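Dropping final_12.cif in here (mmCIF, C-alpha atoms and all ligand atoms):
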data_upload
#
loop_
_atom_site.label_atom_id
_atom_site.label_comp_id
_atom_site.auth_asym_id
_atom_site.auth_seq_id
_atom_site.Cartn_x
_atom_site.Cartn_y
_atom_site.Cartn_z
CA MET P 1 18.06 -1.44 -37.17
CA SER P 2 15.07 0.97 -37.26
CA PRO P 3 14.18 2.83 -34.05
CA GLN P 4 10.94 0.83 -33.90
CA HIS P 5 12.80 -2.49 -34.01
CA LYS P 6 15.27 -1.24 -31.45
CA ALA P 7 12.47 -0.32 -29.02
CA THR P 8 10.80 -3.71 -29.54
CA ARG P 9 14.03 -5.52 -28.79
CA LEU P 10 14.61 -3.59 -25.57
CA VAL P 11 11.04 -4.13 -24.34
CA ARG P 12 11.48 -7.85 -24.95
CA GLN P 13 14.58 -7.77 -22.78
CA THR P 14 12.50 -6.28 -19.97
CA ARG P 15 9.90 -9.00 -20.21
CA THR P 16 12.49 -11.70 -19.82
CA GLY P 17 13.58 -10.13 -16.58
CA ARG P 18 16.77 -8.29 -17.54
CA ARG P 19 17.07 -4.66 -16.53
CA THR P 20 17.02 -1.89 -19.09
CA ASP P 21 16.94 1.86 -18.82
CA MET P 22 14.39 2.08 -21.63
CA PRO P 23 10.98 3.50 -20.65
CA LYS P 24 8.47 0.79 -19.85
CA SER P 25 4.70 0.53 -20.09
CA ILE P 26 3.55 0.15 -16.49
CA CYS P 27 0.09 -0.43 -15.04
CA VAL P 28 -0.75 0.58 -11.46
CA THR P 29 -4.11 -0.69 -10.21
CA GLY P 30 -5.40 1.41 -7.32
CA GLY P 31 -3.15 4.17 -8.66
CA ALA P 32 -5.46 6.99 -7.53
CA GLY P 33 -5.14 5.97 -3.88
CA PHE P 34 -2.61 7.00 -1.26
CA LEU P 35 0.26 4.65 -2.13
CA GLY P 36 -0.68 4.27 -5.78
CA SER P 37 -0.52 8.01 -6.45
CA HIS P 38 3.01 8.18 -5.04
CA LEU P 39 4.03 5.15 -7.10
CA CYS P 40 2.57 6.66 -10.31
CA ALA P 41 4.43 9.92 -9.63
CA ARG P 42 7.70 8.07 -9.08
CA LEU P 43 7.32 6.03 -12.29
CA ILE P 44 6.34 9.06 -14.40
CA GLY P 45 9.36 10.86 -12.95
CA GLU P 46 11.56 8.02 -14.19
CA GLY P 47 10.26 8.48 -17.74
CA HIS P 48 7.91 5.48 -17.95
CA ARG P 49 4.47 5.34 -19.52
CA VAL P 50 1.95 4.78 -16.70
CA THR P 51 -1.63 3.54 -16.91
CA CYS P 52 -3.47 4.09 -13.63
CA ILE P 53 -6.53 1.86 -13.21
CA ASP P 54 -8.93 2.79 -10.43
CA ASN P 55 -12.66 2.75 -9.69
CA PHE P 56 -12.34 5.60 -7.13
CA HIS P 57 -13.79 3.45 -4.35
CA THR P 58 -11.41 5.01 -1.82
CA GLY P 59 -9.04 6.91 -4.14
CA ARG P 60 -9.60 10.21 -5.93
CA PRO P 61 -8.69 11.57 -9.38
CA ALA P 62 -7.32 14.64 -7.55
CA ASN P 63 -4.50 12.47 -6.16
CA VAL P 64 -3.08 12.06 -9.67
CA ALA P 65 -4.32 15.33 -11.22
CA ALA P 66 -0.79 16.72 -11.41
CA LEU P 67 0.32 13.68 -13.45
CA ALA P 68 -2.41 14.17 -16.04
CA ARG P 69 -0.26 16.93 -17.54
CA SER P 70 2.12 14.25 -18.79
CA ASN P 71 1.27 12.57 -22.10
CA ARG P 72 2.83 9.43 -20.63
CA PHE P 73 0.10 9.17 -17.97
CA GLU P 74 -3.37 7.73 -18.48
CA LEU P 75 -6.13 7.43 -15.87
CA VAL P 76 -8.65 4.66 -16.58
CA GLU P 77 -11.81 4.24 -14.50
CA HIS P 78 -12.26 0.48 -14.13
CA ASP P 79 -13.04 -2.13 -11.48
CA VAL P 80 -10.35 -4.82 -11.17
CA MET P 81 -13.07 -7.35 -10.40
CA ASP P 82 -13.53 -7.28 -14.19
CA ALA P 83 -10.79 -8.29 -16.62
CA LEU P 84 -8.39 -5.44 -17.40
CA PRO P 85 -9.61 -3.53 -20.49
CA GLU P 86 -8.56 -5.07 -23.79
CA HIS P 87 -7.86 -1.74 -25.51
CA LEU P 88 -5.03 -0.78 -23.15
CA PRO P 89 -1.44 -1.14 -24.38
CA ALA P 90 0.56 -4.27 -23.50
CA PHE P 91 2.26 -3.81 -20.14
CA ASP P 92 5.83 -4.61 -19.12
CA GLU P 93 4.98 -4.38 -15.43
CA ILE P 94 1.79 -4.39 -13.35
CA TYR P 95 1.59 -3.27 -9.71
CA ASN P 96 -1.63 -4.54 -8.11
CA LEU P 97 -2.63 -2.11 -5.35
CA ALA P 98 -6.40 -1.96 -5.92
CA CYS P 99 -8.11 -2.77 -2.61
CA PRO P 100 -9.61 -0.70 0.21
CA ALA P 101 -6.85 -0.65 2.82
CA SER P 102 -8.02 0.92 6.07
CA PRO P 103 -10.22 -0.98 8.55
CA VAL P 104 -13.00 1.62 8.22
CA HIS P 105 -13.15 1.12 4.47
CA TYR P 106 -12.50 -2.61 4.10
CA GLN P 107 -15.00 -3.46 6.85
CA SER P 108 -17.77 -1.36 5.30
CA ASP P 109 -18.42 -4.08 2.68
CA PRO P 110 -16.43 -7.15 3.79
CA VAL P 111 -17.80 -9.52 1.14
CA ARG P 112 -16.72 -7.15 -1.58
CA THR P 113 -13.30 -6.68 0.07
CA ALA P 114 -12.62 -10.43 0.09
CA LEU P 115 -13.75 -10.72 -3.53
CA ILE P 116 -11.65 -7.76 -4.71
CA CYS P 117 -8.57 -9.44 -3.21
CA ALA P 118 -9.33 -12.70 -5.02
CA GLU P 119 -10.73 -11.56 -8.35
CA GLY P 120 -8.46 -8.53 -8.68
CA ALA P 121 -5.42 -10.79 -8.21
CA ALA P 122 -6.71 -13.26 -10.80
CA ASN P 123 -7.43 -10.53 -13.35
CA VAL P 124 -3.99 -8.92 -13.11
CA LEU P 125 -2.30 -12.33 -13.29
CA TYR P 126 -4.15 -13.30 -16.47
CA ARG P 127 -3.30 -9.93 -17.98
CA ALA P 128 0.38 -10.31 -16.99
CA GLN P 129 0.43 -13.72 -18.65
CA ARG P 130 -1.11 -12.33 -21.84
CA ASP P 131 1.29 -9.36 -22.00
CA GLY P 132 4.41 -11.17 -20.76
CA ALA P 133 4.55 -8.64 -17.91
CA ARG P 134 6.00 -9.09 -14.46
CA VAL P 135 3.51 -8.38 -11.70
CA MET P 136 3.69 -7.26 -8.07
CA GLN P 137 1.05 -7.87 -5.42
CA ALA P 138 0.59 -5.34 -2.63
CA SER P 139 0.26 -7.65 0.35
CA THR P 140 0.28 -6.58 3.96
CA SER P 141 1.62 -7.13 7.45
CA GLU P 142 -2.00 -8.03 8.27
CA ILE P 143 -1.29 -11.51 6.91
CA TYR P 144 0.62 -12.07 10.20
CA GLY P 145 -2.60 -11.28 12.14
CA ASP P 146 -1.96 -10.79 15.87
CA PRO P 147 1.61 -12.14 15.70
CA GLU P 148 3.11 -14.56 18.24
CA ILE P 149 6.58 -14.00 16.76
CA HIS P 150 8.27 -10.64 17.09
CA PRO P 151 9.54 -9.00 14.93
CA GLN P 152 7.79 -10.65 11.98
CA ARG P 153 9.94 -12.50 9.44
CA GLU P 154 8.59 -13.60 6.09
CA ASP P 155 8.73 -17.29 7.08
CA TYR P 156 6.31 -16.70 9.99
CA CYS P 157 2.93 -18.06 8.88
CA GLY P 158 0.83 -15.78 11.05
CA ASN P 159 -1.96 -15.93 13.62
CA VAL P 160 -5.10 -14.89 11.78
CA ASN P 161 -8.74 -15.22 12.81
CA THR P 162 -10.65 -16.56 9.80
CA VAL P 163 -14.05 -15.27 10.95
CA GLY P 164 -13.39 -11.89 12.64
CA PRO P 165 -14.09 -8.37 11.37
CA ARG P 166 -10.56 -8.08 9.88
CA SER P 167 -10.69 -11.50 8.18
CA CYS P 168 -12.11 -10.27 4.86
CA TYR P 169 -8.93 -8.27 4.35
CA ASP P 170 -6.38 -10.50 6.10
CA GLU P 171 -7.59 -13.72 4.49
CA GLY P 172 -8.24 -11.99 1.15
CA LYS P 173 -4.62 -10.85 1.07
CA ARG P 174 -3.40 -14.29 2.15
CA PHE P 175 -5.38 -15.89 -0.66
CA ALA P 176 -3.94 -13.39 -3.15
CA GLU P 177 -0.41 -14.37 -2.06
CA THR P 178 -1.30 -18.02 -2.64
CA LEU P 179 -2.78 -17.31 -6.06
CA PHE P 180 0.27 -15.27 -7.11
CA THR P 181 2.63 -18.00 -5.97
CA ASP P 182 0.77 -20.88 -7.61
CA PHE P 183 0.19 -18.90 -10.79
CA ALA P 184 3.94 -18.25 -11.05
CA ARG P 185 4.70 -21.95 -10.49
CA GLN P 186 2.22 -23.07 -13.13
CA SER P 187 2.63 -20.37 -15.77
CA GLY P 188 6.16 -19.03 -15.37
CA VAL P 189 4.88 -15.45 -14.99
CA VAL P 190 7.37 -13.45 -12.89
CA VAL P 191 5.62 -12.37 -9.68
CA LYS P 192 6.76 -10.31 -6.71
CA ILE P 193 4.96 -10.02 -3.37
CA VAL P 194 5.55 -7.07 -1.06
CA ARG P 195 4.27 -7.23 2.53
CA ILE P 196 3.64 -3.61 3.40
CA PHE P 197 3.75 -2.47 7.02
CA ASN P 198 1.91 0.65 8.25
CA THR P 199 2.79 3.50 5.91
CA TYR P 200 1.99 7.19 6.23
CA GLY P 201 2.53 10.44 4.38
CA PRO P 202 0.83 13.11 2.26
CA ARG P 203 -2.33 12.00 0.42
CA MET P 204 -3.41 9.62 3.17
CA GLN P 205 -7.15 9.88 3.11
CA PRO P 206 -8.55 12.08 5.85
CA ASP P 207 -11.62 9.89 6.29
CA ASP P 208 -10.04 6.45 6.49
CA GLY P 209 -9.69 6.28 10.26
CA ARG P 210 -6.02 5.30 10.36
CA VAL P 211 -4.14 6.27 13.45
CA VAL P 212 -1.69 8.73 11.87
CA SER P 213 -4.34 10.66 9.92
CA ASN P 214 -6.83 10.59 12.82
CA PHE P 215 -4.33 11.88 15.39
CA ILE P 216 -3.00 14.63 13.10
CA LEU P 217 -6.49 15.81 12.14
CA GLN P 218 -7.68 15.71 15.75
CA ALA P 219 -4.61 17.68 16.86
CA LEU P 220 -4.98 20.28 14.10
CA ARG P 221 -8.62 20.83 15.08
CA GLY P 222 -7.91 20.89 18.81
CA GLU P 223 -10.21 17.89 19.29
CA ASP P 224 -9.66 15.00 21.73
CA ILE P 225 -7.09 12.43 20.55
CA THR P 226 -8.84 9.04 20.49
CA ILE P 227 -6.58 6.22 21.67
CA TYR P 228 -8.20 2.81 21.27
CA GLY P 229 -7.50 0.67 24.33
CA GLU P 230 -4.67 1.68 26.67
CA GLY P 231 -2.40 2.76 23.82
CA GLN P 232 0.20 0.08 24.61
CA GLN P 233 -0.25 -1.65 21.24
CA THR P 234 2.67 -0.99 18.90
CA ARG P 235 3.09 -0.24 15.21
CA SER P 236 6.15 0.58 13.08
CA PHE P 237 5.49 3.48 10.71
CA CYS P 238 7.17 3.80 7.33
CA TYR P 239 7.25 7.05 5.35
CA VAL P 240 5.69 6.65 1.91
CA ASP P 241 8.79 7.63 -0.12
CA ASP P 242 10.79 4.85 1.56
CA LEU P 243 8.07 2.32 0.78
CA ILE P 244 7.91 3.30 -2.90
CA GLU P 245 11.69 2.92 -3.19
CA GLY P 246 11.24 -0.63 -1.88
CA PHE P 247 8.47 -1.33 -4.45
CA VAL P 248 10.66 -0.24 -7.35
CA ARG P 249 13.66 -2.23 -6.16
CA LEU P 250 11.57 -5.35 -5.62
CA MET P 251 9.94 -5.10 -9.05
CA ALA P 252 13.40 -4.80 -10.66
CA SER P 253 14.85 -7.71 -8.68
CA GLY P 254 16.06 -10.93 -10.25
CA PRO P 255 14.90 -14.53 -9.74
CA GLU P 256 16.91 -14.85 -6.53
CA VAL P 257 14.23 -12.67 -4.88
CA ASP P 258 11.56 -15.33 -4.68
CA GLY P 259 8.67 -15.18 -2.22
CA PRO P 260 7.28 -12.35 -0.10
CA VAL P 261 9.44 -9.45 1.11
CA ASN P 262 8.61 -7.24 4.10
CA ILE P 263 8.91 -3.51 3.44
CA GLY P 264 8.44 -1.33 6.48
CA ASN P 265 10.28 0.75 9.04
CA PRO P 266 11.41 -1.36 12.02
CA THR P 267 11.27 1.57 14.46
CA GLU P 268 8.44 0.44 16.74
CA ILE P 269 6.43 2.77 18.97
CA THR P 270 3.27 2.49 21.01
CA VAL P 271 0.09 4.22 19.88
CA GLY P 272 0.24 6.26 23.11
CA GLU P 273 3.75 7.49 22.24
CA LEU P 274 2.59 8.41 18.74
CA ALA P 275 -0.20 10.53 20.23
CA GLN P 276 2.30 12.41 22.44
CA ILE P 277 4.67 13.04 19.53
CA ILE P 278 1.88 14.44 17.36
CA ILE P 279 0.56 16.66 20.18
CA GLU P 280 4.07 18.06 20.68
CA MET P 281 4.77 18.56 16.99
CA THR P 282 1.48 20.36 16.34
CA GLY P 283 1.47 22.31 19.61
CA ALA P 284 -2.11 21.11 20.03
CA SER P 285 -4.21 21.74 23.13
CA SER P 286 -5.96 18.37 22.60
CA LYS P 287 -6.43 16.00 25.50
CA ILE P 288 -6.16 12.22 25.20
CA VAL P 289 -9.31 10.10 25.58
CA HIS P 290 -9.58 6.32 25.48
CA ARG P 291 -12.05 4.35 23.36
CA PRO P 292 -12.63 0.57 23.20
CA LEU P 293 -9.98 -1.45 21.39
CA PRO P 294 -11.38 -2.88 18.12
CA VAL P 295 -11.84 -6.67 17.92
CA ASP P 296 -8.70 -8.55 16.77
CA ASP P 297 -6.56 -5.39 16.90
CA PRO P 298 -2.94 -6.67 16.68
CA ARG P 299 -0.97 -5.98 19.87
CA ARG P 300 2.49 -5.67 18.31
CA ARG P 301 3.83 -5.21 14.85
CA ARG P 302 7.37 -4.69 13.57
CA PRO P 303 8.94 -5.94 10.37
CA ASP P 304 12.14 -7.95 10.21
CA ILE P 305 13.66 -6.35 7.10
CA THR P 306 16.68 -8.65 6.72
CA ARG P 307 15.45 -9.91 3.34
CA ALA P 308 14.81 -6.42 1.98
CA SER P 309 18.18 -5.16 3.15
CA THR P 310 20.26 -8.15 1.97
CA LEU P 311 18.42 -8.91 -1.29
CA LEU P 312 17.39 -5.39 -2.36
CA GLY P 313 19.93 -3.21 -0.52
CA TRP P 314 16.88 -1.40 0.89
CA ALA P 315 16.50 0.38 4.22
CA PRO P 316 14.16 3.17 5.30
CA ARG P 317 15.79 6.61 5.29
CA VAL P 318 13.13 9.02 6.61
CA PRO P 319 12.98 9.36 10.42
CA LEU P 320 9.52 9.49 12.02
CA ALA P 321 9.82 13.17 13.02
CA GLU P 322 10.69 14.22 9.46
CA GLY P 323 7.92 12.15 7.88
CA LEU P 324 5.34 13.33 10.41
CA ASP P 325 6.36 16.94 9.80
CA LYS P 326 5.66 16.54 6.05
CA THR P 327 2.37 14.78 6.77
CA ILE P 328 1.21 17.41 9.27
CA ARG P 329 1.99 20.16 6.73
CA TYR P 330 -0.04 18.29 4.12
CA PHE P 331 -3.11 17.92 6.34
CA ALA P 332 -2.81 21.51 7.53
CA SER P 333 -3.12 22.61 3.90
CA LEU P 334 -6.39 20.72 3.36
CA ASN P 335 -9.85 22.12 3.83
CA GLN P 336 -10.99 18.71 5.02
CA THR P 337 -9.43 19.37 8.41
CA LEU P 338 -12.84 20.78 9.24
CA ALA P 339 -14.56 17.38 8.89
CA PRO P 340 -14.58 15.01 11.90
CA ALA P 341 -12.04 12.15 12.08
CA GLN P 342 -13.34 8.62 11.61
CA ARG P 343 -13.79 5.82 14.10
CA HIS P 344 -13.65 2.07 13.57
P1 LIG P 401 -6.15 3.42 -0.68
O1 LIG P 401 -7.50 3.04 -0.21
O2 LIG P 401 -5.73 4.85 -0.58
O3 LIG P 401 -5.93 2.97 -2.19
C1 LIG P 401 -6.55 1.86 -2.76
C2 LIG P 401 -6.96 2.26 -4.17
O4 LIG P 401 -7.57 1.13 -4.82
C3 LIG P 401 -7.99 3.39 -4.20
O5 LIG P 401 -7.61 4.36 -5.15
C4 LIG P 401 -9.29 2.70 -4.59
O6 LIG P 401 -10.20 3.55 -5.24
C5 LIG P 401 -8.76 1.58 -5.46
N1 LIG P 401 -9.68 0.44 -5.56
C6 LIG P 401 -10.30 -0.20 -4.54
N2 LIG P 401 -11.06 -1.21 -5.02
C7 LIG P 401 -10.90 -1.19 -6.38
C8 LIG P 401 -11.44 -1.99 -7.43
N3 LIG P 401 -12.28 -2.99 -7.19
N4 LIG P 401 -11.06 -1.70 -8.70
C9 LIG P 401 -10.21 -0.67 -8.97
N5 LIG P 401 -9.69 0.11 -8.00
C10 LIG P 401 -10.03 -0.15 -6.72
O7 LIG P 401 -5.11 2.50 0.10
P2 LIG P 401 -3.52 2.51 0.13
O8 LIG P 401 -3.10 2.79 1.51
O9 LIG P 401 -2.98 3.33 -0.96
O10 LIG P 401 -3.23 0.97 -0.15
C11 LIG P 401 -2.83 0.51 -1.44
C12 LIG P 401 -2.54 -0.98 -1.35
O11 LIG P 401 -1.50 -1.21 -0.40
C13 LIG P 401 -3.75 -1.82 -0.92
O12 LIG P 401 -3.76 -3.02 -1.67
C14 LIG P 401 -3.46 -2.12 0.53
O13 LIG P 401 -4.03 -3.34 0.92
C15 LIG P 401 -1.94 -2.16 0.56
N6 LIG P 401 -1.40 -1.83 1.90
C16 LIG P 401 -1.39 -0.54 2.35
C17 LIG P 401 -0.87 -0.26 3.62
C18 LIG P 401 -0.76 1.15 4.15
O14 LIG P 401 -0.23 1.35 5.27
N7 LIG P 401 -1.20 2.17 3.45
C19 LIG P 401 -0.40 -1.31 4.44
C20 LIG P 401 -0.47 -2.60 3.95
C21 LIG P 401 -0.96 -2.86 2.67
N1 LIG P 402 -5.96 3.61 16.60
C1 LIG P 402 -6.20 4.45 17.67
N2 LIG P 402 -6.93 5.59 17.46
C2 LIG P 402 -7.40 5.94 16.24
C3 LIG P 402 -7.15 5.08 15.13
C4 LIG P 402 -6.44 3.92 15.36
O1 LIG P 402 -5.77 4.19 18.79
O2 LIG P 402 -8.04 7.01 16.13
C5 LIG P 402 -5.17 2.38 16.82
C6 LIG P 402 -5.75 1.10 16.26
O3 LIG P 402 -6.64 0.50 17.19
C7 LIG P 402 -4.50 0.27 16.04
C8 LIG P 402 -3.45 1.31 15.66
O4 LIG P 402 -3.94 2.55 16.13
O5 LIG P 402 -4.08 -0.34 17.24
C9 LIG P 402 -3.21 1.38 14.16
O6 LIG P 402 -4.44 1.53 13.51
P1 LIG P 402 -4.57 1.73 11.94
O7 LIG P 402 -6.01 1.62 11.60
O8 LIG P 402 -3.84 2.96 11.53
O9 LIG P 402 -3.72 0.53 11.33
P2 LIG P 402 -3.81 -1.08 11.54
O10 LIG P 402 -4.65 -1.38 12.74
O11 LIG P 402 -4.42 -1.60 10.29
O12 LIG P 402 -2.40 -1.46 11.75
#
Rewrite the structure of this file - the entire thing - as structure tokens.
Amino acid sequence: MSPQHKATRLVRQTRTGRRTDMPKSICVTGGAGFLGSHLCARLIGEGHRVTCIDNFHTGRPANVAALARSNRFELVEHDVMDALPEHLPAFDEIYNLACPASPVHYQSDPVRTALICAEGAANVLYRAQRDGARVMQASTSEIYGDPEIHPQREDYCGNVNTVGPRSCYDEGKRFAETLFTDFARQSGVVVKIVRIFNTYGPRMQPDDGRVVSNFILQALRGEDITIYGEGQQTRSFCYVDDLIEGFVRLMASGPEVDGPVNIGNPTEITVGELAQIIIEMTGASSKIVHRPLPVDDPRRRRPDITRASTLLGWAPRVPLAEGLDKTIRYFASLNQTLAPAQRH
């Protein structure tokens, strides 16, 4: 058998769902963003060919500049609201991450946010069908809204306001889950849905107003730390490397892993506790100030990761102190620490 035939045979095996160690052709939409850039780096490191599709709405080419040295990496400027470009190679796998993710960004143009969720999902699904690729949707803990069940299991249907300021994102992501699920039922395309809980790490965007980046930047500049509300609301923060490990395991999983899977760190802390930890770790002289709690801000959030641990053998490995230390070092190395942190 010629090498070309051999490669074709092995790629076909991948498309039917069996695992192979052969390099794959993988598309990451939103690959120039925070999570996408880490995913691209991981996949390039494993020897795959990676096509990063991004319109640089919230991401930056600089996030993947180091990968451009590899001839297996391609950066394509494109909006996922349009069909994926015809000229690109056939993909074995598509990760759909393209969507503004922080409240500051997704609320700046809510109509567009809702439409990106819907049309982006449709476009990657049609492309996956054409290429025979498997496809993963980056969903979110936001689909649980302000949860009445704690911790959140995947079979909890959520408590989401359909007409609030967060709805464009929450309902957009819920619709995308529905489209992925129905598309798989009707077409046989292999889909995976990951529900991502709050994730942090290097390459978070300094201007996106998330609590970890805001508190670290405020502390590094000696500014006031802005706690919204009393600071009693909780979140569970996952270090980015742990999340990416979960992505890769879920994408490689067999048909027994059907339906959404939570990936997040179940260690839950209050926003007030997070502020204290960051002040201590940075040695900052900052004082804490309180600002109004945004509308529909979830009071509690913690993933139940039973499905991820039993089906994927996944568990987070990086403790909060270690992950925060890496993230603080990253922000300390940026010039942007001079710009003011963002508010909702
Ligand atoms: P991010 O804003 O850093 O990355 C999103 C990327 O998508 C950016 O590079 C942006 O330019 C790109 N993009 C946006 N709209 C696009 C469009 N129409 N066409 C092409 N590219 C587009 O955010 P992130 O934190 O890396 O999030 C990535 C994904 O993970 C998002 O889908 C988000 O909803 C999901 N998610 C993230 C978190 C988290 O804690 N970071 C939590 C839950 C879900
Ligand atoms: N938050 C805060 N101060 C900030 C930024 C955010 O107290 O400077 C709060 C925010 O109101 C929310 C929590 O921190 O309760 C997490 O906010 P983030 O935007 O990071 O994530 P999400 O609300 O989407 O979980």
**Prompt:** P:Arg153, P:Arg166, P:Lys326, P:Arg174: which is nearest Ser102 in chain P, counting only C-alpha atoms?
**Reply:**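 With only C-alpha atoms as the atom set, the closest residue is P:Arg166.
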Per-residue nearest contacts range 70-96 of chain P to range 108-130 of chain P, cut-off 12 Å, using all atoms listed in the file, as a tab-separated table:
residue	atom	partner	partner_atom	distance
P:His78	CA	P:Gly120	CA	11.2
P:Asp79	CA	P:Gly120	CA	8.4
P:Val80	CA	P:Gly120	CA	4.9
P:Met81	CA	P:Gly120	CA	5.1
P:Asp82	CA	P:Asn123	CA	7.0
P:Ala83	CA	P:Asn123	CA	5.2
P:Leu84	CA	P:Asn123	CA	6.6
P:Pro85	CA	P:Arg127	CA	9.3
P:Glu86	CA	P:Arg127	CA	9.2
P:Leu88	CA	P:Arg127	CA	10.7
P:Pro89	CA	P:Arg127	CA	11.0
P:Ala90	CA	P:Arg130	CA	8.4
P:Phe91	CA	P:Ala128	CA	7.5
P:Asp92	CA	P:Ala128	CA	8.2
P:Glu93	CA	P:Ala128	CA	7.7
P:Ile94	CA	P:Ala128	CA	7.1
P:Tyr95	CA	P:Val124	CA	8.6
P:Asn96	CA	P:Val124	CA	7.1
Once you have the residues from the selection above, write them out as a PDB file, in the frame of the given file, restricted to C-alpha atoms.
ATOM      1  CA  HIS P  78     -12.260   0.480 -14.130  1.00  0.00           C
ATOM      2  CA  ASP P  79     -13.040  -2.130 -11.480  1.00  0.00           C
ATOM      3  CA  VAL P  80     -10.350  -4.820 -11.170  1.00  0.00           C
ATOM      4  CA  MET P  81     -13.070  -7.350 -10.400  1.00  0.00           C
ATOM      5  CA  ASP P  82     -13.530  -7.280 -14.190  1.00  0.00           C
ATOM      6  CA  ALA P  83     -10.790  -8.290 -16.620  1.00  0.00           C
ATOM      7  CA  LEU P  84      -8.390  -5.440 -17.400  1.00  0.00           C
ATOM      8  CA  PRO P  85      -9.610  -3.530 -20.490  1.00  0.00           C
ATOM      9  CA  GLU P  86      -8.560  -5.070 -23.790  1.00  0.00           C
ATOM     10  CA  LEU P  88      -5.030  -0.780 -23.150  1.00  0.00           C
ATOM     11  CA  PRO P  89      -1.440  -1.140 -24.380  1.00  0.00           C
ATOM     12  CA  ALA P  90       0.560  -4.270 -23.500  1.00  0.00           C
ATOM     13  CA  PHE P  91       2.260  -3.810 -20.140  1.00  0.00           C
ATOM     14  CA  ASP P  92       5.830  -4.610 -19.120  1.00  0.00           C
ATOM     15  CA  GLU P  93       4.980  -4.380 -15.430  1.00  0.00           C
ATOM     16  CA  ILE P  94       1.790  -4.390 -13.350  1.00  0.00           C
ATOM     17  CA  TYR P  95       1.590  -3.270  -9.710  1.00  0.00           C
ATOM     18  CA  ASN P  96      -1.630  -4.540  -8.110  1.00  0.00           C
TER      19      ASN P  96
END
**Request:** Produce as number ranges by chain the set of residues near ligand LIG 401 (chain P), where near means within 6 Å with all atoms listed in the file considered.
**Result:** P: 30-36, 54-59, 78-81, 97-101, 116, 138-140, 196-199
Residue subset to file, keeping C-alpha atoms, as a PDB file, keeping the file's coordinate frame:
ATOM      1  CA  GLY P  30      -5.400   1.410  -7.320  1.00  0.00           C
ATOM      2  CA  GLY P  31      -3.150   4.170  -8.660  1.00  0.00           C
ATOM      3  CA  ALA P  32      -5.460   6.990  -7.530  1.00  0.00           C
ATOM      4  CA  GLY P  33      -5.140   5.970  -3.880  1.00  0.00           C
ATOM      5  CA  PHE P  34      -2.610   7.000  -1.260  1.00  0.00           C
ATOM      6  CA  LEU P  35       0.260   4.650  -2.130  1.00  0.00           C
ATOM      7  CA  GLY P  36      -0.680   4.270  -5.780  1.00  0.00           C
ATOM      8  CA  ASP P  54      -8.930   2.790 -10.430  1.00  0.00           C
ATOM      9  CA  ASN P  55     -12.660   2.750  -9.690  1.00  0.00           C
ATOM     10  CA  PHE P  56     -12.340   5.600  -7.130  1.00  0.00           C
ATOM     11  CA  HIS P  57     -13.790   3.450  -4.350  1.00  0.00           C
ATOM     12  CA  THR P  58     -11.410   5.010  -1.820  1.00  0.00           C
ATOM     13  CA  GLY P  59      -9.040   6.910  -4.140  1.00  0.00           C
ATOM     14  CA  HIS P  78     -12.260   0.480 -14.130  1.00  0.00           C
ATOM     15  CA  ASP P  79     -13.040  -2.130 -11.480  1.00  0.00           C
ATOM     16  CA  VAL P  80     -10.350  -4.820 -11.170  1.00  0.00           C
ATOM     17  CA  MET P  81     -13.070  -7.350 -10.400  1.00  0.00           C
ATOM     18  CA  LEU P  97      -2.630  -2.110  -5.350  1.00  0.00           C
ATOM     19  CA  ALA P  98      -6.400  -1.960  -5.920  1.00  0.00           C
ATOM     20  CA  CYS P  99      -8.110  -2.770  -2.610  1.00  0.00           C
ATOM     21  CA  PRO P 100      -9.610  -0.700   0.210  1.00  0.00           C
ATOM     22  CA  ALA P 101      -6.850  -0.650   2.820  1.00  0.00           C
ATOM     23  CA  ILE P 116     -11.650  -7.760  -4.710  1.00  0.00           C
ATOM     24  CA  ALA P 138       0.590  -5.340  -2.630  1.00  0.00           C
ATOM     25  CA  SER P 139       0.260  -7.650   0.350  1.00  0.00           C
ATOM     26  CA  THR P 140       0.280  -6.580   3.960  1.00  0.00           C
ATOM     27  CA  ILE P 196       3.640  -3.610   3.400  1.00  0.00           C
ATOM     28  CA  PHE P 197       3.750  -2.470   7.020  1.00  0.00           C
ATOM     29  CA  ASN P 198       1.910   0.650   8.250  1.00  0.00           C
ATOM     30  CA  THR P 199       2.790   3.500   5.910  1.00  0.00           C
TER      31      THR P 199
END
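Put simply, CA of Arg210 in chain P is 12.4 Å away from CA of Leu274 in chain P.
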Return the padded bounding box of ligand LIG 402 (chain P) as AutoDock Vina command-line options: axis-aligned, built from all atoms listed in the file, 5 Å added on each side, with centre and edge lengths in Å to one decimal.
--center_x -5.2 --center_y 2.7 --center_z 14.5 --size_x 15.6 --size_y 18.6 --size_z 18.5
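A distance cut-off of 6 Å from ligand LIG 402 (chain P), applied to only C-alpha atoms and all ligand atoms, picks out the residues Ser102, Pro103, Asn198, Gly209, Arg210, Val211, Asn214, Thr226, Ile227, Tyr228, Gln233, Val271, Leu293, Pro294 and Asp297 of chain P.
As for CA of Thr327 in chain P and CA of Gln218 in chain P, they are spaced 13.5 Å apart.
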**Message:** Set the distance at 9 Å and use only C-alpha atoms: which residues neighbour Leu67 in chain P once local chain neighbours fewer than 5 positions away are removed? I'd like the list as a ChimeraX atom specification.
**Reply:** /P:40-41,44,72-74
